[in-house]
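J.: What follows is input07.tsv, TSV, C-alpha atoms.
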```tsv
chain	number	residue	atom	x	y	z
N	1	MET	CA	-37.44	5.68	-17.35
N	2	ASP	CA	-34.25	6.85	-19.04
N	3	GLU	CA	-31.27	6.50	-16.70
N	4	LYS	CA	-29.67	9.75	-17.87
N	5	GLU	CA	-32.86	11.65	-17.21
N	6	LEU	CA	-33.12	10.17	-13.74
N	7	ILE	CA	-29.51	11.05	-12.94
N	8	ALA	CA	-30.04	14.61	-14.18
N	9	ARG	CA	-33.06	14.98	-11.92
N	10	LEU	CA	-31.15	13.47	-8.98
N	11	LYS	CA	-28.40	16.05	-9.42
N	12	SER	CA	-30.74	19.01	-9.70
N	13	PRO	CA	-31.69	20.61	-6.36
N	14	ASP	CA	-35.35	21.02	-7.31
N	15	GLY	CA	-36.34	17.54	-8.40
N	16	ARG	CA	-33.88	15.60	-6.24
N	17	ASP	CA	-36.20	14.29	-3.56
N	18	ALA	CA	-38.84	13.04	-5.96
N	19	ALA	CA	-36.20	11.47	-8.22
N	20	PHE	CA	-34.60	9.81	-5.20
N	21	ARG	CA	-37.90	8.23	-4.22
N	22	GLU	CA	-38.32	6.95	-7.78
N	23	LEU	CA	-34.79	5.57	-7.72
N	24	LEU	CA	-35.43	3.58	-4.56
N	25	LYS	CA	-38.76	2.41	-5.90
N	26	LEU	CA	-36.97	1.04	-8.98
N	27	TYR	CA	-33.97	-0.54	-7.32
N	28	GLY	CA	-34.67	-0.59	-3.60
N	29	SER	CA	-35.99	-4.12	-3.44
N	30	MET	CA	-32.98	-5.49	-5.34
N	31	LEU	CA	-30.64	-3.65	-3.02
N	32	TYR	CA	-32.48	-4.83	0.09
N	33	TRP	CA	-32.29	-8.51	-0.86
N	34	HIS	CA	-28.64	-8.17	-1.93
N	35	ILE	CA	-27.88	-6.68	1.49
N	36	ARG	CA	-30.00	-9.32	3.22
N	37	ARG	CA	-28.08	-12.12	1.55
N	38	ILE	CA	-24.86	-10.66	2.98
N	39	VAL	CA	-25.94	-9.79	6.52
N	40	VAL	CA	-28.72	-12.42	6.90
N	41	SER	CA	-30.56	-10.64	9.74
N	42	HIS	CA	-33.59	-8.56	8.75
N	43	ASP	CA	-32.85	-5.91	11.40
N	44	ASP	CA	-29.29	-5.55	10.16
N	45	ALA	CA	-30.48	-5.44	6.56
N	46	GLU	CA	-32.88	-2.62	7.43
N	47	ASP	CA	-30.10	-0.64	9.14
N	48	VAL	CA	-27.78	-1.14	6.19
N	49	MET	CA	-30.52	-0.22	3.73
N	50	GLN	CA	-31.12	3.00	5.65
N	51	GLU	CA	-27.42	3.87	5.66
N	52	THR	CA	-27.15	2.97	1.98
N	53	SER	CA	-30.07	5.27	1.17
N	54	VAL	CA	-28.39	8.20	2.90
N	55	ARG	CA	-25.06	7.53	1.18
N	56	ILE	CA	-26.77	7.40	-2.20
N	57	LEU	CA	-28.50	10.71	-1.60
N	58	LEU	CA	-25.37	12.42	-0.30
N	59	GLY	CA	-23.11	10.91	-2.93
N	60	ILE	CA	-25.17	11.36	-6.09
N	61	ASP	CA	-23.40	14.61	-6.98
N	62	GLY	CA	-20.15	12.66	-7.08
N	63	TYR	CA	-21.51	9.98	-9.41
N	64	GLU	CA	-19.56	10.41	-12.63
N	65	GLY	CA	-21.24	7.78	-14.77
N	66	LYS	CA	-18.12	5.62	-15.20
N	67	SER	CA	-20.26	2.61	-14.30
N	68	SER	CA	-23.98	2.10	-14.67
N	69	LEU	CA	-26.22	3.55	-11.97
N	70	LEU	CA	-27.20	0.09	-10.75
N	71	THR	CA	-23.55	-0.93	-10.43
N	72	TRP	CA	-22.87	2.21	-8.41
N	73	LEU	CA	-25.84	1.47	-6.13
N	74	TYR	CA	-24.73	-2.12	-5.63
N	75	ARG	CA	-21.24	-0.97	-4.78
N	76	ILE	CA	-22.51	1.33	-2.04
N	77	ALA	CA	-24.86	-1.33	-0.66
N	78	THR	CA	-22.11	-3.98	-0.67
N	79	ASN	CA	-19.66	-1.71	1.12
N	80	GLU	CA	-22.21	-0.74	3.76
N	81	ALA	CA	-23.14	-4.38	4.35
N	82	LEU	CA	-19.50	-5.41	4.72
N	83	MET	CA	-18.90	-2.50	7.11
N	84	LEU	CA	-21.70	-3.75	9.31
N	85	LEU	CA	-20.19	-7.24	9.37
N	86	ARG	CA	-16.81	-5.74	10.30
N	87	ARG	CA	-18.42	-3.93	13.22
N	88	ARG	CA	-19.98	-7.23	14.36
N	89	CYS	CA	-16.65	-9.00	14.10
N	90	PRO	CA	-14.38	-9.45	17.15
N	91	MET	CA	-11.22	-7.36	17.04
N	92	PHE	CA	-8.32	-8.84	15.04
N	93	HIS	CA	-10.66	-11.37	13.42
N	94	SER	CA	-11.55	-11.55	9.76
N	95	ILE	CA	-15.21	-11.19	8.84
N	96	ASP	CA	-14.88	-14.65	7.30
N	97	SER	CA	-14.99	-15.93	10.88
N	98	LEU	CA	-18.65	-14.88	11.02
N	99	GLY	CA	-19.63	-17.62	8.55
N	100	GLU	CA	-20.75	-20.11	11.16
N	101	SER	CA	-22.79	-17.61	13.14
N	102	LEU	CA	-24.43	-16.32	9.96
N	103	ALA	CA	-25.37	-19.88	8.96
N	104	GLU	CA	-26.97	-20.36	12.39
N	105	LYS	CA	-28.82	-17.08	11.99
N	106	VAL	CA	-30.47	-18.26	8.77
N	107	ALA	CA	-32.57	-20.81	10.64
N	108	GLY	CA	-33.63	-18.16	13.19
N	109	GLU	CA	-34.58	-15.68	10.48
N	110	ALA	CA	-36.45	-18.22	8.38
N	111	GLY	CA	-40.21	-17.83	8.09
N	112	VAL	CA	-42.59	-20.24	9.76
N	113	ASP	CA	-43.44	-21.90	6.46
N	114	ALA	CA	-39.86	-21.98	5.20
N	115	ASP	CA	-38.83	-24.99	3.19
N	116	GLU	CA	-36.07	-27.05	4.79
N	117	ALA	CA	-34.25	-27.22	1.48
N	118	GLU	CA	-34.31	-23.41	1.20
N	119	VAL	CA	-32.91	-23.07	4.71
N	120	LEU	CA	-30.15	-25.59	4.07
N	121	PHE	CA	-29.20	-23.96	0.78
N	122	GLN	CA	-29.04	-20.52	2.35
N	123	GLN	CA	-27.00	-21.85	5.28
N	124	ALA	CA	-24.57	-23.36	2.82
N	125	VAL	CA	-24.18	-19.95	1.17
N	126	ALA	CA	-23.97	-18.04	4.48
N	127	GLN	CA	-21.02	-20.09	5.74
N	128	LEU	CA	-18.91	-19.26	2.66
N	129	PRO	CA	-15.92	-16.94	3.04
N	130	THR	CA	-17.02	-13.37	2.33
N	131	GLN	CA	-15.53	-12.92	-1.14
N	132	GLN	CA	-16.83	-16.28	-2.31
N	133	ARG	CA	-20.27	-15.48	-0.92
N	134	LEU	CA	-20.31	-12.12	-2.68
N	135	ALA	CA	-19.31	-13.71	-5.97
N	136	PHE	CA	-21.94	-16.43	-5.54
N	137	ASN	CA	-24.74	-14.02	-4.64
N	138	LEU	CA	-24.04	-11.62	-7.48
N	139	ARG	CA	-23.67	-14.38	-10.05
N	140	TYR	CA	-26.38	-16.79	-8.93
N	141	TYR	CA	-29.08	-14.52	-7.56
N	142	ASP	CA	-28.49	-11.28	-9.46
N	143	GLU	CA	-27.18	-12.95	-12.68
N	144	MET	CA	-24.63	-10.21	-12.98
N	145	PRO	CA	-21.97	-10.39	-15.70
N	146	TYR	CA	-18.45	-10.83	-14.34
N	147	GLU	CA	-17.38	-7.43	-15.69
N	148	GLN	CA	-20.14	-5.75	-13.71
N	149	MET	CA	-19.32	-7.83	-10.63
N	150	ALA	CA	-15.74	-6.59	-10.94
N	151	GLN	CA	-16.97	-2.99	-10.77
N	152	VAL	CA	-19.14	-3.75	-7.74
N	153	THR	CA	-16.51	-5.65	-5.75
N	154	GLY	CA	-13.29	-4.08	-6.99
N	155	LYS	CA	-11.89	-7.55	-7.77
N	156	ASN	CA	-10.74	-8.64	-11.19
N	157	VAL	CA	-12.78	-10.96	-13.38
N	158	ASN	CA	-10.51	-13.99	-13.01
N	159	THR	CA	-10.58	-13.73	-9.23
N	160	LEU	CA	-14.36	-13.58	-9.31
N	161	LYS	CA	-14.62	-16.61	-11.57
N	162	THR	CA	-12.33	-18.53	-9.23
N	163	ASN	CA	-14.31	-17.41	-6.19
N	164	TYR	CA	-17.58	-18.45	-7.80
N	165	HIS	CA	-16.17	-21.84	-8.75
N	166	PHE	CA	-14.93	-22.53	-5.22
N	167	ALA	CA	-18.16	-21.21	-3.75
N	168	VAL	CA	-20.19	-23.71	-5.75
N	169	GLU	CA	-17.89	-26.53	-4.60
N	170	ARG	CA	-18.19	-25.55	-0.96
N	171	VAL	CA	-21.96	-25.18	-1.13
N	172	ARG	CA	-22.20	-28.62	-2.73
N	173	LYS	CA	-20.01	-30.11	-0.01
N	174	TYR	CA	-21.97	-28.41	2.81
N	175	ILE	CA	-25.28	-29.68	1.49
N	176	LYS	CA	-23.94	-33.20	1.11
N	177	GLU	CA	-22.61	-33.22	4.68
N	178	ASN	CA	-25.73	-31.69	6.22
N	179	SER	CA	-28.55	-33.27	4.27
N	180	ILE	CA	-30.92	-35.46	6.23
F	181	MET	CA	-26.51	-29.82	-5.45
F	182	ASN	CA	-27.98	-29.45	-8.92
F	183	ASP	CA	-31.18	-31.12	-7.68
F	184	LEU	CA	-31.34	-28.75	-4.72
F	185	MET	CA	-30.61	-25.73	-6.89
F	186	ASN	CA	-33.37	-26.76	-9.27
F	187	LYS	CA	-35.75	-27.30	-6.37
F	188	VAL	CA	-34.92	-24.10	-4.47
F	189	GLY	CA	-34.09	-21.84	-7.39
F	190	LYS	CA	-33.61	-18.33	-6.10
F	191	ARG	CA	-36.12	-18.53	-3.29
F	192	LEU	CA	-34.95	-17.41	0.12
F	193	PRO	CA	-36.33	-18.89	3.34
F	194	TYR	CA	-37.26	-15.51	4.81
F	195	GLY	CA	-40.83	-14.45	5.44
F	196	GLU	CA	-40.79	-10.77	4.40
F	197	THR	CA	-43.30	-10.09	1.64
F	198	ASP	CA	-42.83	-7.74	-1.31
F	199	ASP	CA	-45.29	-5.27	0.23
F	200	TYR	CA	-43.37	-5.25	3.50
F	201	VAL	CA	-40.09	-4.62	1.71
F	202	ASN	CA	-41.62	-1.86	-0.42
F	203	ARG	CA	-42.89	-0.08	2.69
F	204	LEU	CA	-39.47	-0.46	4.27
F	205	ILE	CA	-37.89	1.13	1.20
F	206	GLU	CA	-40.31	4.06	1.40
F	207	ARG	CA	-39.42	4.62	5.05
F	208	CYS	CA	-35.72	4.54	4.20
F	209	ALA	CA	-36.27	7.13	1.47
F	210	ASP	CA	-38.24	9.41	3.82
F	211	ARG	CA	-35.61	9.21	6.57
F	212	ALA	CA	-32.74	9.73	4.14
F	213	ILE	CA	-34.35	12.86	2.73
F	214	ALA	CA	-35.07	14.15	6.23
F	215	SER	CA	-31.54	13.53	7.51
F	216	ALA	CA	-29.55	14.53	4.43
F	217	PRO	CA	-29.36	18.33	5.12
F	218	SER	CA	-28.07	17.82	8.68
F	219	ARG	CA	-25.49	15.29	7.48
F	220	ARG	CA	-24.33	17.74	4.80
F	221	SER	CA	-23.89	20.56	7.33
F	222	ALA	CA	-22.15	18.17	9.74
F	223	ARG	CA	-19.72	17.25	6.98
F	224	ILE	CA	-19.06	20.94	6.22
F	225	ARG	CA	-18.57	21.60	9.93
F	226	ARG	CA	-16.03	18.73	10.19
F	227	LEU	CA	-14.13	20.07	7.18
F	228	TRP	CA	-14.07	23.57	8.69
F	229	ILE	CA	-12.79	22.27	12.04
F	230	GLY	CA	-10.12	20.22	10.29
F	231	TRP	CA	-8.82	23.13	8.24
F	232	SER	CA	-8.93	25.52	11.21
F	233	SER	CA	-6.92	23.08	13.34
F	234	ALA	CA	-4.38	22.62	10.59
F	235	ALA	CA	-4.04	26.40	10.21
F	236	ALA	CA	-3.56	26.81	13.98
F	237	VAL	CA	-0.82	24.16	14.04
F	238	VAL	CA	0.95	25.84	11.12
F	239	ALA	CA	0.72	29.23	12.89
F	240	VAL	CA	2.20	27.86	16.13
F	241	ALA	CA	5.00	26.09	14.27
F	242	ALA	CA	5.77	29.24	12.29
F	243	THR	CA	5.88	31.35	15.49
F	244	ALA	CA	8.24	28.90	17.18
F	245	ALA	CA	10.48	28.81	14.11
F	246	LEU	CA	10.52	32.61	13.98
F	247	ARG	CA	11.53	32.88	17.66
F	248	VAL	CA	14.39	30.47	17.14
F	249	ALA	CA	15.51	32.39	14.08
F	250	VAL	CA	15.38	35.76	15.90
F	251	HIS	CA	17.37	34.51	18.90
F	252	GLN	CA	19.80	32.46	16.89
F	253	PRO	CA	23.39	33.34	17.98
F	254	ARG	CA	25.45	34.61	15.09
F	255	ASP	CA	28.50	32.69	16.17
F	256	ALA	CA	29.88	30.41	18.91
F	257	ASP	CA	31.09	33.31	21.12
F	258	GLU	CA	27.63	34.82	21.22
F	259	ALA	CA	26.10	31.41	22.04
F	260	MET	CA	28.57	30.88	24.93
F	261	ALA	CA	27.88	34.37	26.27
F	262	GLY	CA	24.15	33.62	26.27
F	263	MET	CA	24.64	30.34	28.12
F	264	ALA	CA	26.87	31.99	30.77
F	265	LEU	CA	24.26	34.67	31.37
F	266	SER	CA	21.51	32.09	31.93
F	267	ILE	CA	23.71	30.07	34.34
F	268	GLU	CA	24.57	33.17	36.36
F	269	SER	CA	20.97	34.23	36.67
F	270	SER	CA	19.89	30.76	37.91
F	271	ALA	CA	22.82	30.70	40.36
F	272	GLU	CA	21.73	34.08	41.72
F	273	SER	CA	18.22	32.81	42.30
F	274	VAL	CA	19.66	29.88	44.34
F	275	GLU	CA	21.89	32.16	46.45
F	276	ARG	CA	19.00	34.44	47.38
F	277	SER	CA	17.23	31.66	49.34
F	278	GLU	CA	18.68	30.27	52.58
F	279	PRO	CA	20.43	26.90	52.61
F	280	LEU	CA	18.16	24.04	53.64
F	281	ASN	CA	20.14	23.10	56.73
F	282	VAL	CA	19.72	26.65	58.05
F	283	VAL	CA	15.96	26.49	57.47
F	284	LEU	CA	15.65	23.15	59.24
F	285	THR	CA	17.62	24.22	62.30
F	286	GLN	CA	15.39	27.24	62.64
F	287	MET	CA	12.21	25.07	62.77
F	288	THR	CA	10.61	23.93	66.01
F	289	ASP	CA	10.04	20.24	66.83
F	290	ASP	CA	6.30	20.58	66.10
F	291	GLN	CA	6.98	22.16	62.72
F	292	LEU	CA	9.42	19.41	61.83
F	293	ALA	CA	6.92	16.73	62.92
F	294	SER	CA	4.17	18.27	60.79
F	295	ILE	CA	6.21	18.01	57.60
F	296	THR	CA	7.26	14.41	58.24
F	297	TYR	CA	3.90	13.08	59.38
F	298	TYR	CA	1.34	12.05	56.80
F	299	CYS	CA	-2.02	10.36	56.87
F	300	THR	CA	-2.83	7.51	54.51
F	301	ASP	CA	-6.16	9.22	53.80
F	302	ASP	CA	-4.23	12.06	52.20
F	303	ILE	CA	-2.66	9.76	49.64
F	304	PRO	CA	-4.76	10.06	46.46
F	305	GLU	CA	-5.95	6.84	44.87
F	306	TYR	CA	-5.08	6.25	41.27
```
Could the structure of this file be written out as structure tokens, please?
T.:
Amino acid sequence: MDEKELIARLKSPDGRDAAFRELLKLYGSMLYWHIRRIVVSHDDAEDVMQETSVRILLGIDGYEGKSSLLTWLYRIATNEALMLLRRRCPMFHSIDSLGESLAEKVAGEAGVDADEAEVLFQQAVAQLPTQQRLAFNLRYYDEMPYEQMAQVTGKNVNTLKTNYHFAVERVRKYIKENSI
Amino acid sequence: MNDLMNKVGKRLPYGETDDYVNRLIERCADRAIASAPSRRSARIRRLWIGWSSAAAVVAVAATAALRVAVHQPRDADEAMAGMALSIESSAESVERSEPLNVVLTQMTDDQLASITYYCTDDIPEY
């Protein structure tokens, strides 16, 4: 489906609801897993996905097309996920302090048949500082170009490249220290 | 880490299937559509309350400024005359009531005891 056509239908009062359902059908799964990789918990991811859906629907009239639709959706989802982490965070603490608890949560959220290597890898990613984790997730899992990542996160390209580099180093170190 | 990355790829250790996620997405869409009108009207209501409050504050401030401007003494003599008048009127109100020592001497012993006695139960807790 043409993105411009979809946006036009989203902005028109008549076809909005149907277009919105199509939009979530197209991109909803990507958004859910992006959120899940940030917040780890399925329940939290569902809450954030719900809030993200409402924000998309209420904010579509304000979408000006300066970035691609997907970038805009990712930006909303990322902000909502980070807001949830901030609410979970003790007062006067950075959300980076949640890294350890998120890494512990990975094991609890893992399926019964989960591979130990998958759990370890995801724990290594979960314990990263927030900006490094974001850069890693967007680059590694979503294969997003740095320019697009910059529009999603609001950081500049060089910062993102640095964050990704350090994220890879820290993940490597975590795996080495925690491998059986 | 390269070995682990090659082994794990992009797989996540979570158990939710694609079908489960798709149904979750559909529920999110349904709820968002259902709640969007009430959120829009709530937003409009908040904006209206904000602007009304701001207008009320401006009106009060303007009234207070107007009163000051109306009663502003034209010069120092007028200001002094105004102050003297207010002092005299408050002095008159003091002179109309009896001095305290006169009041106390007129009270009986029981009346005096009642105003000095208090019960701890009467003291409010904070």
J.: Could the residues of chain N within 7 Å of chain F, counting all atoms listed in the file, be given as a PyMOL selection string, please?
T.: chain N and resi 17+21+24+28-29+50+53-54+58+109-111+114-115+117-119+141+172
J.: What residues have an atom no more than 12 Å from (-33.5, -8.2, 8.8) in the file's own frame, counting all atoms listed in the file, and can you write them as a ChimeraX atom specification?
T.: /N:32-50,81,105-106,108-111 /F:194-196,200-201,204
J.: Contacts of Ser101 in chain N at 10 Å or less, counting all atoms listed in the file, minus same-chain residues fewer than 6 places along, as a PDB file with C-alpha atoms, in the frame of the given file?
T.:
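Below is the file part_11.pdb, written as the result:
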```
ATOM      1  CA  GLN N 123     -27.000 -21.850   5.280  1.00  0.00           C
ATOM      2  CA  ALA N 126     -23.970 -18.040   4.480  1.00  0.00           C
ATOM      3  CA  GLN N 127     -21.020 -20.090   5.740  1.00  0.00           C
TER       4      GLN N 127
END
```
J.: Name all residues at most 8 Å from Glu80 in chain N (count all atoms listed in the file; drop same-chain ones fewer than 3 positions away) and give them as a PDB file with C-alpha atoms, in the coordinates of the input.
T.:
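Generated output (around.pdb):
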```pdb
ATOM      1  CA  VAL N  48     -27.780  -1.140   6.190  1.00  0.00           C
ATOM      2  CA  GLU N  51     -27.420   3.870   5.660  1.00  0.00           C
ATOM      3  CA  THR N  52     -27.150   2.970   1.980  1.00  0.00           C
ATOM      4  CA  ILE N  76     -22.510   1.330  -2.040  1.00  0.00           C
ATOM      5  CA  ALA N  77     -24.860  -1.330  -0.660  1.00  0.00           C
ATOM      6  CA  MET N  83     -18.900  -2.500   7.110  1.00  0.00           C
ATOM      7  CA  LEU N  84     -21.700  -3.750   9.310  1.00  0.00           C
TER       8      LEU N  84
END
```
J.: I'd like the interatomic distance between CA of Met30 in chain N and CA of Asp142 in chain N, to a tenth of an Å.
T.: 8.4 Å
J.: Using Å and a single decimal, report how far CA of Leu10 in chain N sits from CA of Glu64 in chain N.
T.: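 Interatomic distance here is 12.5 Å.
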J.: If you measure from CA of Asp113 in chain N to CA of Asn186 in chain F, what distance in Å do you get, rounded to one decimal?
T.: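 Distance between the two atoms: 19.3 Å.
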J.: Which of these residues is nearest to Glu177 in chain N, using all atoms listed in the file: N:Ala103, N:Leu23, N:Leu120, N:Leu128?
T.: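 Answer, going by the shortest atom-to-atom distance: N:Leu120.
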J.: So that I can see what lies close to range 145-147 of chain N, please list as a PyMOL selection string the residues with an atom at most 10 Å from it, counting all atoms listed in the file and leaving out residues fewer than 4 positions away in the same chain.
T.: chain N and resi 135+138-139+151-152+155-161
J.: Provide range 34-47 of chain N rebuilt to N, CA and C atoms, formatted as an mmCIF file, in the frame of the given file.
T.:
```
data_model
loop_
_atom_site.group_PDB
_atom_site.id
_atom_site.type_symbol
_atom_site.label_atom_id
_atom_site.label_comp_id
_atom_site.auth_asym_id
_atom_site.auth_seq_id
_atom_site.Cartn_x
_atom_site.Cartn_y
_atom_site.Cartn_z
ATOM 1 N N HIS N 34 -30.107 -7.992 -1.796
ATOM 2 C CA HIS N 34 -28.640 -8.170 -1.930
ATOM 3 C C HIS N 34 -27.977 -7.991 -0.563
ATOM 4 N N ILE N 35 -28.415 -6.942 0.144
ATOM 5 C CA ILE N 35 -27.880 -6.680 1.490
ATOM 6 C C ILE N 35 -28.255 -7.831 2.420
ATOM 7 N N ARG N 36 -29.500 -8.261 2.324
ATOM 8 C CA ARG N 36 -30.000 -9.320 3.220
ATOM 9 C C ARG N 36 -29.205 -10.601 3.042
ATOM 10 N N ARG N 37 -28.859 -10.907 1.816
ATOM 11 C CA ARG N 37 -28.080 -12.120 1.550
ATOM 12 C C ARG N 37 -26.685 -12.029 2.147
ATOM 13 N N ILE N 38 -26.182 -10.833 2.372
ATOM 14 C CA ILE N 38 -24.860 -10.660 2.980
ATOM 15 C C ILE N 38 -24.964 -10.691 4.507
ATOM 16 N N VAL N 39 -25.918 -9.934 5.054
ATOM 17 C CA VAL N 39 -25.940 -9.790 6.520
ATOM 18 C C VAL N 39 -26.893 -10.769 7.209
ATOM 19 N N VAL N 40 -27.784 -11.373 6.457
ATOM 20 C CA VAL N 40 -28.720 -12.420 6.900
ATOM 21 C C VAL N 40 -29.869 -11.871 7.763
ATOM 22 N N SER N 41 -29.530 -11.134 8.807
ATOM 23 C CA SER N 41 -30.560 -10.640 9.740
ATOM 24 C C SER N 41 -31.402 -9.539 9.095
ATOM 25 N N HIS N 42 -32.720 -9.584 9.308
ATOM 26 C CA HIS N 42 -33.590 -8.560 8.750
ATOM 27 C C HIS N 42 -33.308 -7.190 9.380
ATOM 28 N N ASP N 43 -33.103 -7.182 10.705
ATOM 29 C CA ASP N 43 -32.850 -5.910 11.400
ATOM 30 C C ASP N 43 -31.579 -5.249 10.867
ATOM 31 N N ASP N 44 -30.548 -6.076 10.698
ATOM 32 C CA ASP N 44 -29.290 -5.550 10.160
ATOM 33 C C ASP N 44 -29.483 -5.059 8.724
ATOM 34 N N ALA N 45 -30.248 -5.823 7.955
ATOM 35 C CA ALA N 45 -30.480 -5.440 6.560
ATOM 36 C C ALA N 45 -31.214 -4.100 6.506
ATOM 37 N N GLU N 46 -32.158 -3.891 7.405
ATOM 38 C CA GLU N 46 -32.880 -2.620 7.430
ATOM 39 C C GLU N 46 -31.935 -1.471 7.775
ATOM 40 N N ASP N 47 -31.076 -1.685 8.774
ATOM 41 C CA ASP N 47 -30.100 -0.640 9.140
ATOM 42 C C ASP N 47 -29.182 -0.311 7.968
#
```
